[in-house]
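> Please find my_file12.txt (compact mmCIF, C-alpha atoms) on the next line:
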```
# COMPACT_ATOMS: atom_id res chain seq x y z
CA MET A 24 -12.87 23.05 -18.34
CA THR A 25 -15.18 22.35 -21.31
CA LEU A 26 -13.85 23.38 -24.70
CA HIS A 27 -16.00 24.60 -27.57
CA SER A 28 -18.42 21.91 -28.74
CA ALA A 29 -21.75 21.84 -30.54
CA PRO A 30 -24.87 20.39 -28.88
CA ASP A 31 -24.90 17.74 -31.62
CA PRO A 32 -21.30 17.04 -32.69
CA ARG A 33 -22.46 14.82 -35.56
CA ARG A 34 -24.31 17.68 -37.19
CA GLU A 35 -21.36 19.99 -36.51
CA LEU A 36 -18.78 17.62 -38.00
CA TYR A 37 -20.83 16.21 -40.87
CA PRO A 38 -23.62 18.70 -41.72
CA PHE A 39 -23.98 17.33 -45.25
CA LEU A 40 -25.33 14.08 -43.78
CA TYR A 41 -28.28 15.94 -42.26
CA GLY A 42 -29.50 17.86 -45.29
CA ASP A 43 -28.15 21.25 -44.17
CA VAL A 44 -25.76 21.46 -47.09
CA GLY A 45 -24.47 18.85 -49.47
CA PRO A 46 -23.65 17.76 -52.98
CA GLU A 47 -27.33 17.08 -53.66
CA SER A 48 -27.99 20.79 -53.24
CA GLY A 49 -25.29 21.62 -55.72
CA ASP A 50 -23.61 23.84 -53.14
CA LEU A 51 -20.14 22.24 -53.02
CA ALA A 52 -18.62 25.50 -51.81
CA ALA A 53 -20.85 25.31 -48.76
CA VAL A 54 -19.68 21.74 -48.11
CA ARG A 55 -16.04 22.81 -48.34
CA ASP A 56 -16.70 25.73 -46.02
CA ALA A 57 -18.42 23.45 -43.50
CA VAL A 58 -15.53 20.96 -43.56
CA ARG A 59 -13.00 23.78 -43.26
CA GLN A 60 -14.85 25.30 -40.31
CA SER A 61 -15.14 21.90 -38.61
CA THR A 62 -11.42 21.28 -39.06
CA MET A 63 -10.46 24.71 -37.78
CA THR A 64 -12.71 24.30 -34.72
CA LYS A 65 -11.11 20.95 -33.88
CA CYS A 66 -7.63 22.39 -34.38
CA HIS A 67 -8.45 25.31 -32.10
CA ASP A 68 -9.75 22.98 -29.40
CA VAL A 69 -6.74 20.68 -29.58
CA VAL A 70 -4.22 23.54 -29.47
CA GLN A 71 -6.06 25.09 -26.52
CA LEU A 72 -6.12 21.77 -24.68
CA ARG A 73 -2.44 21.09 -25.31
CA GLY A 74 -1.48 24.49 -23.99
CA GLN A 75 -3.59 23.98 -20.87
CA LEU A 76 -2.10 20.54 -20.20
CA ILE A 77 1.51 21.63 -20.59
CA ALA A 78 0.92 24.66 -18.37
CA GLU A 79 -0.74 22.53 -15.67
CA TYR A 80 1.63 19.56 -15.73
CA GLU A 81 4.98 20.96 -16.80
CA ARG A 82 6.73 20.15 -13.52
CA GLN A 83 4.98 16.79 -13.08
CA LEU A 84 5.91 15.73 -16.62
CA VAL A 85 9.60 16.36 -15.94
CA ASP A 86 9.48 14.59 -12.57
CA THR A 87 7.58 11.61 -13.99
CA ALA A 88 9.96 11.31 -16.93
CA ARG A 89 12.90 11.25 -14.51
CA GLU A 90 11.26 8.58 -12.35
CA MET A 91 10.48 6.46 -15.42
CA ALA A 92 14.06 6.82 -16.63
CA ASN A 93 15.27 5.63 -13.22
CA ALA A 94 12.99 2.61 -13.45
CA PHE A 95 14.18 1.63 -16.92
CA VAL A 96 17.84 2.17 -16.07
CA GLY A 97 17.32 -0.06 -13.04
CA GLY A 98 16.02 -2.89 -15.23
CA GLY A 99 12.30 -2.19 -15.02
CA LYS A 100 9.70 -2.55 -17.74
CA LEU A 101 6.45 -0.77 -18.59
CA LEU A 102 3.01 -2.40 -18.50
CA ALA A 103 0.29 -0.29 -20.18
CA PHE A 104 -3.44 -1.01 -20.32
CA GLY A 105 -6.81 0.50 -21.17
CA ASN A 106 -10.15 -0.20 -22.85
CA GLY A 107 -11.46 0.81 -26.27
CA GLY A 108 -9.71 3.92 -27.52
CA SER A 109 -7.60 3.88 -24.38
CA ALA A 110 -6.44 0.39 -25.37
CA THR A 111 -4.94 1.90 -28.51
CA ASP A 112 -3.26 4.54 -26.35
CA ALA A 113 -1.75 1.73 -24.29
CA GLN A 114 -0.58 -0.02 -27.46
CA ASP A 115 0.98 3.21 -28.68
CA ALA A 116 2.79 3.70 -25.37
CA ALA A 117 4.25 0.18 -25.47
CA THR A 118 5.19 0.45 -29.14
CA ASP A 119 6.89 3.81 -28.58
CA CYS A 120 9.09 2.09 -26.00
CA ILE A 121 9.84 -1.09 -27.94
CA SER A 122 10.28 0.52 -31.36
CA PRO A 123 11.14 4.20 -30.71
CA PRO A 124 9.82 6.62 -33.35
CA VAL A 125 12.96 8.78 -33.20
CA GLU A 126 16.38 7.64 -34.38
CA GLY A 127 18.84 7.33 -31.52
CA TRP A 128 16.22 6.77 -28.83
CA ARG A 129 16.75 3.75 -26.59
CA ALA A 130 14.53 0.70 -27.07
CA LEU A 131 12.82 -0.17 -23.79
CA PRO A 132 10.94 -3.23 -22.51
CA ALA A 133 7.18 -2.71 -22.52
CA MET A 134 3.88 -4.57 -22.93
CA ALA A 135 0.32 -3.50 -23.70
CA LEU A 136 -1.80 -5.84 -21.59
CA ASN A 137 -4.94 -5.37 -23.69
CA THR A 138 -3.37 -6.88 -26.84
CA ASP A 139 -3.32 -10.55 -25.80
CA MET A 140 -6.86 -11.58 -26.74
CA GLY A 141 -6.36 -15.12 -25.49
CA VAL A 142 -5.59 -13.86 -22.00
CA VAL A 143 -8.17 -11.05 -22.05
CA THR A 144 -11.00 -13.34 -23.16
CA ALA A 145 -9.98 -16.21 -20.88
CA VAL A 146 -9.78 -14.05 -17.77
CA GLY A 147 -12.88 -12.09 -18.77
CA ASN A 148 -14.86 -15.29 -19.27
CA ASP A 149 -13.54 -17.24 -16.29
CA VAL A 150 -13.17 -14.67 -13.50
CA GLY A 151 -14.64 -11.41 -14.81
CA PHE A 152 -13.62 -8.60 -17.12
CA GLU A 153 -12.62 -6.41 -14.17
CA ASN A 154 -9.70 -8.80 -13.64
CA VAL A 155 -8.20 -8.88 -17.15
CA PHE A 156 -5.38 -6.47 -16.31
CA VAL A 157 -4.72 -7.27 -12.67
CA ARG A 158 -4.15 -10.95 -13.52
CA GLN A 159 -1.46 -9.89 -16.00
CA VAL A 160 0.09 -7.41 -13.57
CA ILE A 161 0.31 -10.29 -11.07
CA ALA A 162 2.00 -12.47 -13.70
CA TYR A 163 4.35 -9.95 -15.32
CA GLY A 164 4.82 -7.10 -12.85
CA LYS A 165 7.48 -6.73 -10.21
CA GLN A 166 8.86 -4.09 -7.91
CA GLY A 167 10.59 -1.38 -9.92
CA ASP A 168 8.36 -1.76 -13.00
CA ILE A 169 5.96 0.90 -14.31
CA ALA A 170 2.17 0.51 -14.63
CA VAL A 171 0.42 2.97 -16.94
CA GLY A 172 -3.38 2.97 -16.97
CA PHE A 173 -5.49 4.91 -19.49
CA SER A 174 -9.17 5.63 -18.77
CA THR A 175 -11.05 8.58 -20.24
CA SER A 176 -13.50 8.49 -17.32
CA GLY A 177 -10.93 7.58 -14.68
CA ASN A 178 -13.43 4.99 -13.47
CA SER A 179 -12.68 1.81 -15.45
CA PRO A 180 -12.71 -1.01 -12.84
CA ASN A 181 -10.14 -3.17 -14.64
CA VAL A 182 -7.74 -0.25 -15.08
CA LEU A 183 -8.12 0.75 -11.44
CA ALA A 184 -7.53 -2.85 -10.33
CA GLY A 185 -4.34 -3.06 -12.40
CA LEU A 186 -3.00 0.18 -10.96
CA ARG A 187 -3.97 -0.80 -7.42
CA HIS A 188 -2.13 -4.11 -7.55
CA GLY A 189 0.84 -2.51 -9.29
CA LYS A 190 1.19 -0.10 -6.38
CA GLN A 191 0.88 -2.95 -3.87
CA ILE A 192 3.85 -4.81 -5.35
CA GLY A 193 6.06 -1.73 -5.63
CA MET A 194 5.52 -0.62 -9.21
CA MET A 195 5.47 3.04 -10.18
CA THR A 196 1.86 3.81 -11.17
CA ILE A 197 0.77 6.44 -13.69
CA GLY A 198 -2.85 7.23 -14.52
CA PHE A 199 -4.31 9.11 -17.47
CA ALA A 200 -7.91 10.26 -17.03
CA GLY A 201 -10.38 12.83 -18.35
CA ASP A 202 -12.98 15.28 -17.09
CA GLU A 203 -12.31 15.59 -13.32
CA GLY A 204 -10.26 12.41 -13.02
CA GLY A 205 -12.98 10.07 -11.79
CA ALA A 206 -11.95 7.46 -9.20
CA MET A 207 -8.28 7.95 -10.10
CA ASN A 208 -8.43 11.44 -8.63
CA GLY A 209 -7.17 11.20 -5.08
CA ALA A 210 -6.53 7.43 -5.27
CA ASN A 211 -3.55 6.59 -3.06
CA TYR A 212 -2.42 3.87 -5.47
CA VAL A 213 -1.83 6.30 -8.37
CA ASP A 214 1.59 7.90 -8.00
CA ARG A 215 1.23 10.30 -10.92
CA LEU A 216 -2.14 11.38 -12.35
CA PHE A 217 -2.62 13.38 -15.54
CA VAL A 218 -6.15 14.61 -16.29
CA ALA A 219 -7.30 16.07 -19.60
CA ARG A 220 -9.98 18.34 -18.14
CA VAL A 221 -12.54 18.12 -20.94
CA ASP A 222 -15.69 16.03 -21.30
CA HIS A 223 -15.40 15.14 -25.00
CA ILE A 224 -13.77 11.70 -25.34
CA PRO A 225 -11.83 12.34 -28.58
CA ARG A 226 -10.31 15.48 -27.01
CA ILE A 227 -9.44 13.56 -23.85
CA GLN A 228 -7.59 10.97 -25.93
CA GLU A 229 -5.76 13.67 -27.88
CA GLY A 230 -4.78 15.18 -24.53
CA HIS A 231 -3.48 11.83 -23.33
CA ALA A 232 -1.43 11.45 -26.51
CA THR A 233 0.08 14.90 -25.98
CA LEU A 234 0.96 14.14 -22.36
CA TRP A 235 2.42 10.71 -23.12
CA HIS A 236 4.57 11.85 -26.06
CA THR A 237 5.87 14.84 -24.10
CA MET A 238 6.74 12.52 -21.21
CA LEU A 239 8.37 10.05 -23.60
CA GLU A 240 10.59 12.69 -25.20
CA LEU A 241 11.65 14.02 -21.81
CA MET A 242 12.43 10.50 -20.60
CA GLN A 243 14.49 9.65 -23.67
CA THR A 244 16.44 12.90 -23.25
CA ILE A 245 17.24 11.88 -19.67
CA LEU A 246 18.12 8.32 -20.70
CA ALA A 247 20.59 9.57 -23.28
CA GLN A 248 22.70 10.88 -20.42
CA ARG A 249 22.65 7.64 -18.40
CA PRO A 250 24.09 4.11 -18.58
CA SER A 251 21.79 1.23 -19.42
CA ARG A 252 21.99 -0.38 -15.96
CA GLY A 253 22.14 1.16 -12.50
CA VAL A 254 20.61 4.54 -11.71
CA ALA A 255 23.12 7.34 -12.24
```
For this file, write the structure as structure tokens.

Amino acid sequence: MTLHSAPDPRRELYPFLYGDVGPESGDLAAVRDAVRQSTMTKCHDVVQLRGQLIAEYERQLVDTAREMANAFVGGGKLLAFGNGGSATDAQDAATDCISPPVEGWRALPAMALNTDMGVVTAVGNDVGFENVFVRQVIAYGKQGDIAVGFSTSGNSPNVLAGLRHGKQIGMMTIGFAGDEGGAMNGANYVDRLFVARVDHIPRIQEGHATLWHTMLELMQTILAQRPSRGVA
């Protein structure tokens, strides 16, 4: 599904940069109207996408949250990874676990594998950038842990490699992709796949944030009813 978008999003978002309207024309009301319209269009797209994602993945979100809760209660940890904007999504996922944004939520062990620049640059330089996450999954991951890979295309080789090895050693694997899911779609090493079915990268990332935070809240609700060790 492709949501509303202009042929040239730069002109749509920032028309005053292209001479259509702007302070130099003295038409500040037109600038305000353009910004307002741009904001409303983005809000409409995001709300539409969020509704579509929740409708499509409602059951899977609950099931995944329960499986993640089981893993954490059993002593597992979460390893998240991605590139570019997806790297920040991975950082957010790990931070949400380590330092929960809601009072009363349980702090959980987690790492964002893209944050250690010494490791990322060493592995990237010595054995190839496609190995920067799998080398860390080999070092830190174990059976019962959770691997979460973010890729807007679903095709990032280093993300796929991390998920593939995580599955091989008995980790629960979760993939977040965009468009039609890319190589993650149908991959037998991805236990749970969530696809934001749009082709605009900022919308995909907003969709991933919606899915992750919904999953996180569900998981914390489940955890509140369980002991810290041993699956109830």
> Could you check the closest approach to Ala219 in chain A for each of A:Ala113, A:Leu76, A:Ala94, A:Met242 and tell me which residue wins, using only C-alpha atoms?
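Ranking A:Ala113, A:Leu76, A:Ala94, A:Met242 by distance to Ala219 in chain A, first place goes to A:Leu76.
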> Which is closer to Val171 in chain A than all the others in A:Gly141, A:Gly189, A:Gly205, A:Gly198, using all atoms listed in the file?
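Once distances to Val171 in chain A are computed over all atoms listed in the file, the minimum belongs to A:Gly198.
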> One decimal, Å: what's the distance from CA of Phe95 in chain A over to CA of Leu186 in chain A, could you say?
18.2 Å
> Hey, can you check how far CA of Asp202 in chain A sits from CA of Lys100 in chain A?
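Interatomic distance here is 28.9 Å.
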> For Glu81 in chain A, which of A:Gly164, A:Asn137, A:Leu183, A:Thr237 is the closest residue, counting all atoms listed in the file?
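Checking each candidate against Glu81 in chain A, we get A:Thr237 as the closest.
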> Got a sec: who's within 6 Å of Ile197 in chain A, counting only C-alpha atoms, leaving out chain neighbours fewer than 6 positions off, as a list in words?
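So, after excluding close chain neighbours, the residues are Val171, Val213, Asp214, Arg215 and Leu216 of chain A.
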> What lies within 9 Å of range 84-86 of chain A using only C-alpha atoms, ignoring chain neighbours under 6 positions off, as a list in words?
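Neighbouring residues, sequence-local ones excluded: Ile77, Phe217, Leu234, Trp235, Thr237, Met238, Leu241 and Met242 of chain A.
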> Please determine, counting all atoms listed in the file, which residue among A:Ala145, A:Leu246, A:Leu102, A:Gln60 has the shortest atom-to-atom distance to Met194 in chain A.
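Of all the options, A:Leu102 lies closest to Met194 in chain A.
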> Would you compute the distance between CA of Ala133 in chain A and CA of Gly177 in chain A? Give it in Å to one decimal.
22.3 Å
> Pick from A:Gly230, A:Pro123, A:Gly74, A:Gly172: nearest to Thr196 in chain A, with only C-alpha atoms counted?
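Smallest distance to Thr196 in chain A is found for A:Gly172.
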> Which is closest to Ser174 in chain A among A:Val146, A:Asn106, A:Asp115, A:Arg226, if we use all atoms listed in the file?
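For Ser174 in chain A, the nearest of the candidates is A:Asn106.
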> With all atoms listed in the file counted, which protein, DNA or RNA residues have an atom no more than 12 Å from (3.2, 5.0, -29.2) in the file frame? Please answer as a VMD selection string.
chain A and resid 103 109 to 125 133 to 135 231 to 240
> For Met91 in chain A, list every protein, DNA or RNA residue within 9 Å, evaluated using all atoms listed in the file, and leave out those in the same chain fewer than 2 positions away; present the list as a PyMOL selection string.
chain A and resi 86-89+93-96+99+101+168-169+195+242
> Within 6 Å of Gly193 in chain A, counting only C-alpha atoms, which residues show up once you throw out same-chain ones fewer than 2 positions away? Write them as a list in words, please.
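Surrounding residues, per the criterion: Gln166, Lys190 and Gln191 of chain A.
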> Compile the contact shell of Asn181 in chain A as a list of chain:residue names: residues with an atom at most 7 Å away, counting all atoms listed in the file, same-chain residues fewer than 4 positions apart removed.
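Near neighbours after the sequence-gap exclusion: A:Phe152, A:Glu153, A:Asn154, A:Val155, A:Phe156, A:Gly185.
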